[in-house]
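Participant: There's a structure below that I have some questions on.
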Amino acid sequence: MRKKIIVQKYGGSSVANVIRIKAVAERIVSYKNKNTNVAVVVSAMADTTDDLETLAFQIAKNPPDREMDLLLSTGEQISCALLAMAVRERGAEVIALTGFQAGVKTDNTYTKARVQSISGERIKKAFKENKIVIMAGYQGITENNDITTLGRGGSDLSAVALAKAIDADVCEIYTDVKGIYTTDPRLVPEAQKLTQITFDEMLEMASLGAQVMQARSIEVAKRFNIPLHVRSSYSKEEGTMIVKNMDKIEDIAVRGVTSNKNEAKITICAVPDQPGISAIIFNAIAKAGVNVDVIVQNVSHTKKTDISFTVPKPDLAKALKAAEDVAKKIHAGDVLHDKNIARVSIVGSGMRSHQGIAARMFDALAKAKVNIEMIATSEISISCIIALEKADLAVKTVHKAFDLQKAK
Ligand code: ADP
Ligand code: ASP
Ligand code: MG
């Protein structure tokens, strides 16, 4: 008989200290029995990755990506070894593996490498020997044997890719909240835990700022239809299932609210209103290696128009330099920027079939005296760019406007 295979991923807060590592080990051992194999993916303890990054920036203004990955990947190696020791102390057979040892192959885009394959051979061998496997998350190796990392939050991706590689029956993501909520429960205490959410909705929420799951991991889960169970490492309570389709017959218009405080706005003033000008501007920004997001261009009445767009905050300096250079070239006016912005978004697949959703969001923001600077929509989301200091108020206001405190 084929044994059941469970993949469990424990995030940094779940293994933050020795007490938590022991508690997680206890839980892992409780899942292993003669009919079930368990493979665990673990993140670095608490703020280890941030601390390592800070160290690097104390040494170098621009640390090389390859060495950065070598450094950042060590956090997971520590938690992986310690967790395996704790499991062993509880009498279970166990093996700790780095991403490299587990055969996680990636391309060579350091700091955000893409997983190409996981051989799974070593893990299958360990299962045959009746061992629990603890694999370091967030890391892989290139064909030239260079160590890579998978982007922040990348242990989620390691878990999903591993679940696919070893054909797991269950993929559980353990974290410090009880599941996916209507919004960040640390910000809005009225936020409700959802029983289910679709891959599309979760992908949109993650991309728009809900840090609970890494967006790329959801892309992979969606592609291979791997249902994910997001739950707390502090309790046995059921969490949230991330699935392809919901059990509910009708889509709900709005399922969640997110905020993203990691963007900045650039405005190029008095841009000549001629064919080809936008192409020149955004080619220049792309050449600088910056991803542009919300773009707003007003209709011109004077043959000149302002163009505003947002970029990730860490890329602001690069983007500004490119924008200033291109503004001169096309004889545009001043280039302005604003770091103090935030994006507040609503997400829900039912938006496609419900009317008045945008109006309700804008109404709620107006009543709370929050000025909307830019608007962007997708098929299942609406985002407003607003002042940074109003972000938390806006999330609370919009959450209430859609009665999400009553959501399930
Ligand atoms: P881990 O260390 O387990 O990877 P993260 O810190 O990456 O955990 O993600 C969990 C955190 O995500 C929670 O503590 C919570 O504050 C935050 N969060 C943001 N939005 C949501 C949401 N919609 N539902 C649940 N948690 C959210
Ligand atoms: N330790 C990495 C990070 O902090 C990966 C992860 O936790 O998923 O981003
Ligand atoms: Mg995380």
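So you can find residues: chains in the structure tokens are A, B, ... in the order shown, residues in each start at 1, and ligands are numbered from 1 in order.
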At a cut-off of 7 Å around ligand 2, and using only C-alpha atoms and all ligand atoms, what residues come up? Please write them as a short mmCIF file (atom, residue, chain, number, x, y, z; two decimals) with C-alpha atoms, in the first residue's frame.

Facilitator:
```cif
data_model
loop_
_atom_site.label_atom_id
_atom_site.label_comp_id
_atom_site.auth_asym_id
_atom_site.auth_seq_id
_atom_site.Cartn_x
_atom_site.Cartn_y
_atom_site.Cartn_z
CA GLY A 11 7.33 29.93 8.86
CA GLY A 12 9.91 31.97 10.76
CA SER A 43 12.01 29.02 7.25
CA ALA A 44 14.79 30.86 9.08
CA ASP A 47 13.98 37.88 11.85
CA THR A 49 16.85 36.84 7.16
CA ASP A 50 16.30 40.56 7.86
CA GLY A 75 19.29 31.22 8.05
CA GLU A 76 17.28 28.21 6.88
CA GLY A 137 13.23 26.35 2.58
CA TYR A 138 13.88 29.41 0.41
CA GLY A 151 12.69 35.69 -3.13
CA ARG A 152 11.38 36.83 0.25
CA GLY A 153 8.73 34.52 1.65
CA GLY A 154 10.24 31.84 -0.61
CA SER A 155 9.84 28.94 1.80
CA ASP A 156 6.18 28.89 0.76
#
```

Participant: Write out as a list in words the residues lying within 8 Å of region 183-192 of chain A, counting only C-alpha atoms and excluding same-chain residues fewer than 5 positions away.

Facilitator: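 These residues fall inside the cut-off: Ala210, Gly256, Val257, Thr258, Asp392, Lys396, His399, Leu404, Gln405, Lys406, Ala407 and Lys408 of chain A.
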
Participant: Write the residues of the preceding selection, restricted to N, CA and C atoms, as a PDB file, in the first residue's frame.

Facilitator:
```pdb
ATOM      1  N   ALA A 210      -0.806  41.232   0.813  1.00  0.00           N
ATOM      2  CA  ALA A 210      -1.060  40.349   1.962  1.00  0.00           C
ATOM      3  C   ALA A 210       0.133  39.399   2.109  1.00  0.00           C
ATOM      4  N   GLY A 256     -11.566  40.167   0.452  1.00  0.00           N
ATOM      5  CA  GLY A 256     -10.494  40.656   1.305  1.00  0.00           C
ATOM      6  C   GLY A 256     -10.033  42.060   0.950  1.00  0.00           C
ATOM      7  N   VAL A 257      -9.360  42.675   1.920  1.00  0.00           N
ATOM      8  CA  VAL A 257      -8.791  44.012   1.737  1.00  0.00           C
ATOM      9  C   VAL A 257      -7.299  43.913   2.042  1.00  0.00           C
ATOM     10  N   THR A 258      -6.474  44.547   1.196  1.00  0.00           N
ATOM     11  CA  THR A 258      -5.032  44.513   1.461  1.00  0.00           C
ATOM     12  C   THR A 258      -4.458  45.932   1.377  1.00  0.00           C
ATOM     13  N   ASP A 392      -3.873  52.705   7.061  1.00  0.00           N
ATOM     14  CA  ASP A 392      -4.533  51.828   8.028  1.00  0.00           C
ATOM     15  C   ASP A 392      -6.004  52.202   8.196  1.00  0.00           C
ATOM     16  N   LYS A 396      -9.354  49.769   7.330  1.00  0.00           N
ATOM     17  CA  LYS A 396     -10.437  49.546   8.304  1.00  0.00           C
ATOM     18  C   LYS A 396     -11.779  50.014   7.731  1.00  0.00           C
ATOM     19  N   HIS A 399     -12.932  47.710   4.852  1.00  0.00           N
ATOM     20  CA  HIS A 399     -13.306  46.412   5.424  1.00  0.00           C
ATOM     21  C   HIS A 399     -14.725  46.485   5.974  1.00  0.00           C
ATOM     22  N   LEU A 404     -17.172  42.990   5.977  1.00  0.00           N
ATOM     23  CA  LEU A 404     -16.324  41.804   6.021  1.00  0.00           C
ATOM     24  C   LEU A 404     -16.165  41.251   7.441  1.00  0.00           C
ATOM     25  N   GLN A 405     -16.556  42.036   8.440  1.00  0.00           N
ATOM     26  CA  GLN A 405     -16.518  41.506   9.815  1.00  0.00           C
ATOM     27  C   GLN A 405     -17.524  40.362   9.980  1.00  0.00           C
ATOM     28  N   LYS A 406     -18.421  40.183   8.969  1.00  0.00           N
ATOM     29  CA  LYS A 406     -19.397  39.082   9.035  1.00  0.00           C
ATOM     30  C   LYS A 406     -19.040  37.959   8.065  1.00  0.00           C
ATOM     31  N   ALA A 407     -17.874  38.051   7.414  1.00  0.00           N
ATOM     32  CA  ALA A 407     -17.530  37.079   6.374  1.00  0.00           C
ATOM     33  C   ALA A 407     -17.150  35.720   6.967  1.00  0.00           C
ATOM     34  N   LYS A 408     -17.219  34.675   6.115  1.00  0.00           N
ATOM     35  CA  LYS A 408     -16.808  33.329   6.563  1.00  0.00           C
ATOM     36  C   LYS A 408     -15.858  32.719   5.549  1.00  0.00           C
TER      37      LYS A 408
END
```

Participant: Going by DSSP on the backbone, which residues of region 163-211 of chain A come out as strand (DSSP E)? List them as a VMD selection string.

Facilitator: chain A and resid 170 to 175 196 to 198

Participant: Between A:Leu393, A:Leu194, A:Ala113, A:Leu82, single out the one closest to Met246 (chain A), counting only C-alpha atoms.

Facilitator: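 That would be A:Leu194, the residue with the smallest distance to Met246 (chain A).
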
Participant: Excluding Leu336 (chain A) and residues on its chain fewer than 2 positions from it, collect all residues at most 9 Å away from it, counting only C-alpha atoms, and give them as a list in words.

Facilitator: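 That gives Lys265, Ile266, Thr267, Ile268, Cys269, Leu320, Asp334 and Asp338 of chain A.
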
Participant: Looking at A:Gly333, A:Gly239, A:Gly103, A:Gly91, which one is nearest to Lys193 (chain A), with distances taken over only C-alpha atoms?

Facilitator: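 With only C-alpha atoms as the atom set, the closest residue is A:Gly239.
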
Participant: Report as a list in words all protein, DNA and RNA residues lying within 12 Å of Ile78 (chain A), evaluated on only C-alpha atoms, omitting residues in the same chain fewer than 6 positions from it.

Facilitator: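 The neighbour list is Gly12, Val15, Ala16, Asn17, Val18, Ile21, Val42, Ser43, Ala44, Met45, Ala46, Thr48, Thr49, Leu71, Leu72, Ala84, Met85, Ala96, Leu97, Thr98, Ile134, Met135, Ala136 and Gly137 of chain A.
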
Participant: Could you save the residues just selected, with all heavy atoms, as a short mmCIF file (atom, residue, chain, number, x, y, z; two decimals), in the first residue's frame?

Facilitator:
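Okay, result-v5.cif is ready:
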```
data_model
loop_
_atom_site.label_atom_id
_atom_site.label_comp_id
_atom_site.auth_asym_id
_atom_site.auth_seq_id
_atom_site.Cartn_x
_atom_site.Cartn_y
_atom_site.Cartn_z
N GLY A 12 8.92 31.48 9.80
CA GLY A 12 9.91 31.97 10.76
C GLY A 12 9.38 32.19 12.17
O GLY A 12 10.07 31.90 13.15
N VAL A 15 9.14 29.01 14.31
CA VAL A 15 10.38 28.41 14.83
C VAL A 15 11.29 29.51 15.40
O VAL A 15 12.51 29.46 15.28
CB VAL A 15 11.13 27.60 13.74
CG1 VAL A 15 10.35 26.35 13.37
CG2 VAL A 15 11.38 28.44 12.49
N ALA A 16 10.65 30.52 16.00
CA ALA A 16 11.38 31.74 16.40
C ALA A 16 12.41 31.51 17.50
O ALA A 16 13.38 32.23 17.61
CB ALA A 16 10.39 32.82 16.82
N ASN A 17 12.18 30.51 18.34
CA ASN A 17 13.11 30.28 19.47
C ASN A 17 13.09 28.79 19.83
O ASN A 17 12.36 28.00 19.21
CB ASN A 17 12.70 31.14 20.68
CG ASN A 17 11.23 30.95 21.01
OD1 ASN A 17 10.74 29.83 21.03
ND2 ASN A 17 10.52 32.04 21.23
N VAL A 18 13.88 28.44 20.83
CA VAL A 18 14.03 27.02 21.19
C VAL A 18 12.69 26.41 21.62
O VAL A 18 12.36 25.28 21.23
CB VAL A 18 15.09 26.90 22.31
CG1 VAL A 18 15.08 25.52 22.94
CG2 VAL A 18 16.48 27.22 21.75
N ILE A 21 10.68 25.75 18.53
CA ILE A 21 11.25 24.65 17.73
C ILE A 21 10.84 23.32 18.36
O ILE A 21 10.43 22.38 17.67
CB ILE A 21 12.78 24.78 17.63
CG1 ILE A 21 13.13 25.98 16.73
CG2 ILE A 21 13.42 23.49 17.06
CD1 ILE A 21 14.61 26.24 16.56
N VAL A 42 11.24 24.31 6.31
CA VAL A 42 11.32 25.27 7.40
C VAL A 42 11.97 26.57 6.95
O VAL A 42 12.87 26.58 6.11
CB VAL A 42 12.02 24.62 8.62
CG1 VAL A 42 13.48 24.33 8.35
CG2 VAL A 42 11.89 25.49 9.86
N SER A 43 11.43 27.68 7.51
CA SER A 43 12.01 29.02 7.25
C SER A 43 13.07 29.31 8.30
O SER A 43 13.16 28.63 9.31
CB SER A 43 10.94 30.10 7.41
OG SER A 43 9.99 30.04 6.41
N ALA A 44 13.79 30.41 8.09
CA ALA A 44 14.79 30.86 9.08
C ALA A 44 14.07 31.35 10.34
O ALA A 44 12.93 31.82 10.27
CB ALA A 44 15.61 31.97 8.49
N MET A 45 14.74 31.22 11.48
CA MET A 45 14.13 31.62 12.75
C MET A 45 13.84 33.13 12.77
O MET A 45 14.70 33.94 12.45
CB MET A 45 15.10 31.32 13.91
CG MET A 45 15.33 29.84 14.14
SD MET A 45 16.76 29.52 15.20
CE MET A 45 16.16 30.05 16.79
N ALA A 46 12.62 33.46 13.14
CA ALA A 46 12.18 34.85 13.37
C ALA A 46 12.74 35.83 12.32
O ALA A 46 12.48 35.66 11.13
CB ALA A 46 12.56 35.28 14.78
N THR A 48 15.81 36.36 11.31
CA THR A 48 17.18 36.04 10.88
C THR A 48 17.49 36.59 9.48
O THR A 48 18.56 37.19 9.27
CB THR A 48 17.39 34.51 10.87
OG1 THR A 48 17.06 34.02 12.16
CG2 THR A 48 18.81 34.14 10.53
N THR A 49 16.57 36.41 8.54
CA THR A 49 16.85 36.84 7.16
C THR A 49 17.04 38.36 7.10
O THR A 49 17.97 38.86 6.46
CB THR A 49 15.73 36.38 6.21
OG1 THR A 49 15.48 35.01 6.45
CG2 THR A 49 16.12 36.57 4.75
N LEU A 71 24.74 34.15 1.70
CA LEU A 71 24.54 34.62 3.08
C LEU A 71 23.11 34.32 3.56
O LEU A 71 22.90 33.69 4.62
CB LEU A 71 24.80 36.13 3.12
CG LEU A 71 24.56 36.82 4.46
CD1 LEU A 71 25.63 36.41 5.46
CD2 LEU A 71 24.58 38.34 4.28
N LEU A 72 22.12 34.76 2.80
CA LEU A 72 20.72 34.65 3.26
C LEU A 72 20.28 33.20 3.42
O LEU A 72 19.45 32.88 4.28
CB LEU A 72 19.78 35.38 2.29
CG LEU A 72 19.95 36.89 2.18
CD1 LEU A 72 18.81 37.51 1.39
CD2 LEU A 72 20.03 37.57 3.55
N ALA A 84 15.62 19.34 13.15
CA ALA A 84 15.88 17.89 13.02
C ALA A 84 16.38 17.33 14.36
O ALA A 84 15.98 16.23 14.77
CB ALA A 84 16.89 17.64 11.91
N MET A 85 17.23 18.09 15.04
CA MET A 85 17.72 17.62 16.35
C MET A 85 16.56 17.48 17.33
O MET A 85 16.49 16.51 18.09
CB MET A 85 18.74 18.63 16.92
CG MET A 85 20.04 18.66 16.15
SD MET A 85 21.10 19.96 16.84
CE MET A 85 22.29 20.12 15.53
N ALA A 96 17.97 15.95 8.11
CA ALA A 96 17.88 17.36 7.69
C ALA A 96 18.61 17.51 6.37
O ALA A 96 19.72 16.99 6.20
CB ALA A 96 18.53 18.25 8.75
N LEU A 97 18.00 18.22 5.43
CA LEU A 97 18.63 18.43 4.12
C LEU A 97 18.58 19.91 3.73
O LEU A 97 17.55 20.57 3.90
CB LEU A 97 17.88 17.64 3.03
CG LEU A 97 17.83 16.12 3.15
CD1 LEU A 97 16.89 15.55 2.08
CD2 LEU A 97 19.23 15.51 3.00
N THR A 98 19.66 20.44 3.22
CA THR A 98 19.61 21.78 2.62
C THR A 98 18.87 21.65 1.29
O THR A 98 18.63 20.52 0.81
CB THR A 98 21.03 22.30 2.31
OG1 THR A 98 21.61 21.41 1.35
CG2 THR A 98 21.90 22.36 3.55
N ILE A 134 13.46 16.92 7.01
CA ILE A 134 13.35 18.37 7.27
C ILE A 134 14.20 19.07 6.22
O ILE A 134 15.42 18.89 6.18
CB ILE A 134 13.90 18.77 8.67
CG1 ILE A 134 13.42 17.81 9.76
CG2 ILE A 134 13.57 20.24 8.97
CD1 ILE A 134 12.05 18.03 10.29
N MET A 135 13.56 19.84 5.35
CA MET A 135 14.29 20.51 4.27
C MET A 135 14.34 22.02 4.51
O MET A 135 13.34 22.63 4.89
CB MET A 135 13.59 20.23 2.93
CG MET A 135 14.28 20.88 1.75
SD MET A 135 13.43 20.52 0.19
CE MET A 135 12.64 22.08 -0.13
N ALA A 136 15.51 22.61 4.31
CA ALA A 136 15.65 24.07 4.43
C ALA A 136 14.90 24.74 3.29
O ALA A 136 15.14 24.42 2.12
CB ALA A 136 17.13 24.45 4.39
N GLY A 137 14.00 25.66 3.61
CA GLY A 137 13.23 26.35 2.58
C GLY A 137 14.02 27.47 1.94
O GLY A 137 15.17 27.73 2.30
#
```

Participant: With only C-alpha atoms and all ligand atoms as the basis for distance, which of A:Val395, A:Ala161, A:Ile385, A:Ile19 is at the shortest distance from ligand 1?

Facilitator: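 When distances to ligand 1 are compared using only C-alpha atoms and all ligand atoms, the smallest one comes from A:Val395.
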
Participant: Tell me which protein, DNA and RNA residues are within 8 Å of Val296 (chain A), counting only C-alpha atoms, leaving out same-chain ones fewer than 6 positions away, and put them as a ChimeraX atom specification.

Facilitator: /A:307-309,374

Participant: Using DSSP assignments from the backbone, pull out every residue in region 370-403 of chain A that falls under alpha helix (DSSP H) and give it to me as a PyMOL selection string.

Facilitator: chain A and resi 391-401

Participant: CA of Val344 (chain A) and CA of Ser378 (chain A) are how many Å apart?

Facilitator: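 Separation of CA of Val344 (chain A) and CA of Ser378 (chain A): 13.6 Å.
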
Participant: Measuring atom to atom with only C-alpha atoms, identify which of A:Ala86, A:Met213, A:Ile341, A:Ala358 is nearest to Ala253 (chain A).

Facilitator: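 Looking at the shortest contact to Ala253 (chain A), the residue is A:Ala358.
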
Participant: Would you please work out which residue, of A:Asn130, A:Thr198, A:Gln211, A:Thr54, is nearest to ligand 1 when using only C-alpha atoms and all ligand atoms?

Facilitator: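 The shortest atom-to-atom distance to ligand 1 comes from A:Gln211.
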
Participant: Do you know which residues are at most 9 Å from Ile118 (chain A) counting only C-alpha atoms, after dropping those on the same chain fewer than 2 positions away, and could you put them as a list in words?

Facilitator: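 The contact residues come out as Ala102, Gly103, Val104, Lys105, Thr106, Val115, Gln116, Gly120, Glu121, Ala161, Leu162, Lys164, Ala165 and Ile166 of chain A.
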
Participant: Write out, as a short mmCIF file (atom, residue, chain, number, x, y, z; two decimals), in the first residue's frame, the residues just selected, with N, CA and C atoms.

Facilitator:
```cif
data_model
loop_
_atom_site.label_atom_id
_atom_site.label_comp_id
_atom_site.auth_asym_id
_atom_site.auth_seq_id
_atom_site.Cartn_x
_atom_site.Cartn_y
_atom_site.Cartn_z
N ALA A 102 18.63 18.32 -1.13
CA ALA A 102 17.32 17.76 -1.53
C ALA A 102 17.13 17.81 -3.04
N GLY A 103 18.09 18.43 -3.75
CA GLY A 103 17.99 18.46 -5.22
C GLY A 103 17.06 19.53 -5.76
N VAL A 104 17.00 20.70 -5.07
CA VAL A 104 16.17 21.80 -5.57
C VAL A 104 16.99 22.59 -6.60
N LYS A 105 16.68 22.36 -7.88
CA LYS A 105 17.44 23.03 -8.97
C LYS A 105 16.73 24.32 -9.37
N THR A 106 17.52 25.40 -9.52
CA THR A 106 16.92 26.68 -9.93
C THR A 106 17.70 27.27 -11.09
N VAL A 115 12.41 28.02 -9.49
CA VAL A 115 12.64 26.58 -9.31
C VAL A 115 12.43 25.89 -10.64
N GLN A 116 13.41 25.07 -11.04
CA GLN A 116 13.26 24.33 -12.30
C GLN A 116 12.81 22.90 -12.05
N GLY A 120 13.85 15.03 -5.68
CA GLY A 120 13.05 14.25 -4.73
C GLY A 120 13.63 12.89 -4.41
N GLU A 121 14.73 12.50 -5.10
CA GLU A 121 15.29 11.15 -4.91
C GLU A 121 15.71 10.91 -3.46
N ALA A 161 6.49 23.53 -4.27
CA ALA A 161 7.26 22.80 -5.29
C ALA A 161 7.60 21.38 -4.80
N LEU A 162 7.90 21.28 -3.50
CA LEU A 162 8.21 19.95 -2.95
C LEU A 162 6.96 19.05 -2.98
N LYS A 164 4.60 19.11 -5.03
CA LYS A 164 4.42 18.64 -6.42
C LYS A 164 5.44 17.53 -6.73
N ALA A 165 6.70 17.77 -6.35
CA ALA A 165 7.77 16.83 -6.72
C ALA A 165 7.57 15.46 -6.11
N ILE A 166 7.06 15.40 -4.87
CA ILE A 166 6.94 14.08 -4.24
C ILE A 166 5.48 13.61 -4.20
#
```

Participant: Quick one: residues within 10 Å of Ala206 (chain A), only C-alpha atoms counted, chain neighbours fewer than 5 positions away excluded, as a list in words?

Facilitator: Asp200, Glu201, Gln211, Val212, Met213, Gln214, Ala215, Arg216, Ser217, Ile218, Thr258 and Asn260 of chain A

Participant: Can those selected residues be exported to a file as a compact mmCIF listing (two decimals), in the first residue's frame so that it contains all heavy atoms?

Facilitator:
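File written: selection.txt
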```txt
# COMPACT_ATOMS: atom_id res chain seq x y z
N ASP A 200 -7.03 32.16 -7.38
CA ASP A 200 -7.01 33.47 -8.04
C ASP A 200 -7.10 34.60 -7.02
O ASP A 200 -6.39 35.59 -7.10
CB ASP A 200 -8.18 33.58 -9.03
CG ASP A 200 -7.93 32.72 -10.26
OD1 ASP A 200 -6.75 32.51 -10.59
OD2 ASP A 200 -8.91 32.26 -10.87
N GLU A 201 -8.03 34.44 -6.05
CA GLU A 201 -8.18 35.49 -5.04
C GLU A 201 -6.94 35.61 -4.17
O GLU A 201 -6.47 36.70 -3.86
CB GLU A 201 -9.42 35.20 -4.18
CG GLU A 201 -10.72 35.40 -4.94
CD GLU A 201 -11.94 34.85 -4.20
OE1 GLU A 201 -11.79 33.88 -3.42
OE2 GLU A 201 -13.04 35.37 -4.42
N GLN A 211 1.01 39.67 3.07
CA GLN A 211 2.28 38.93 3.11
C GLN A 211 2.14 37.49 3.61
O GLN A 211 3.12 36.76 3.64
CB GLN A 211 3.29 39.67 3.98
CG GLN A 211 2.87 39.74 5.43
CD GLN A 211 4.05 39.75 6.39
OE1 GLN A 211 5.19 39.84 5.99
NE2 GLN A 211 3.75 39.66 7.67
N VAL A 212 0.93 37.09 3.98
CA VAL A 212 0.76 35.76 4.57
C VAL A 212 1.21 34.62 3.65
O VAL A 212 1.69 33.59 4.12
CB VAL A 212 -0.67 35.58 5.11
CG1 VAL A 212 -1.71 35.77 4.01
CG2 VAL A 212 -0.88 34.25 5.79
N MET A 213 1.08 34.79 2.33
CA MET A 213 1.60 33.79 1.39
C MET A 213 2.42 34.50 0.31
O MET A 213 2.05 35.58 -0.14
CB MET A 213 0.44 33.05 0.69
CG MET A 213 -0.32 32.05 1.53
SD MET A 213 0.68 30.67 2.14
CE MET A 213 1.20 29.85 0.64
N GLN A 214 3.51 33.86 -0.12
CA GLN A 214 4.29 34.42 -1.21
C GLN A 214 3.49 34.23 -2.52
O GLN A 214 3.03 33.11 -2.80
CB GLN A 214 5.64 33.70 -1.31
CG GLN A 214 6.61 34.39 -2.26
CD GLN A 214 7.58 33.43 -2.91
OE1 GLN A 214 7.24 32.27 -3.14
NE2 GLN A 214 8.77 33.90 -3.24
N ALA A 215 3.35 35.30 -3.29
CA ALA A 215 2.52 35.22 -4.50
C ALA A 215 2.98 34.11 -5.45
O ALA A 215 2.17 33.34 -5.98
CB ALA A 215 2.51 36.57 -5.22
N ARG A 216 4.30 33.98 -5.64
CA ARG A 216 4.79 32.98 -6.60
C ARG A 216 4.43 31.56 -6.19
O ARG A 216 4.21 30.69 -7.03
CB ARG A 216 6.30 33.12 -6.75
CG ARG A 216 6.69 34.27 -7.68
CD ARG A 216 8.17 34.48 -7.69
NE ARG A 216 8.90 33.27 -7.99
CZ ARG A 216 10.18 33.07 -7.64
NH1 ARG A 216 10.85 34.00 -6.97
NH2 ARG A 216 10.78 31.95 -7.96
N SER A 217 4.34 31.33 -4.89
CA SER A 217 3.98 29.98 -4.44
C SER A 217 2.53 29.66 -4.84
O SER A 217 2.20 28.51 -5.15
CB SER A 217 4.17 29.84 -2.93
OG SER A 217 3.19 30.57 -2.22
N ILE A 218 1.69 30.67 -4.83
CA ILE A 218 0.29 30.46 -5.21
C ILE A 218 0.17 30.20 -6.71
O ILE A 218 -0.63 29.38 -7.16
CB ILE A 218 -0.59 31.67 -4.79
CG1 ILE A 218 -0.45 31.95 -3.30
CG2 ILE A 218 -2.05 31.45 -5.17
CD1 ILE A 218 -0.92 30.82 -2.40
N THR A 258 -6.47 44.55 1.20
CA THR A 258 -5.03 44.51 1.46
C THR A 258 -4.46 45.93 1.38
O THR A 258 -5.09 46.82 0.79
CB THR A 258 -4.28 43.67 0.41
OG1 THR A 258 -4.44 44.30 -0.86
CG2 THR A 258 -4.78 42.25 0.33
N ASN A 260 -0.54 47.92 0.63
CA ASN A 260 0.87 47.78 0.27
C ASN A 260 1.54 49.14 0.46
O ASN A 260 1.14 50.12 -0.16
CB ASN A 260 0.98 47.31 -1.19
CG ASN A 260 2.42 47.11 -1.60
OD1 ASN A 260 3.34 47.42 -0.84
ND2 ASN A 260 2.63 46.60 -2.80
```
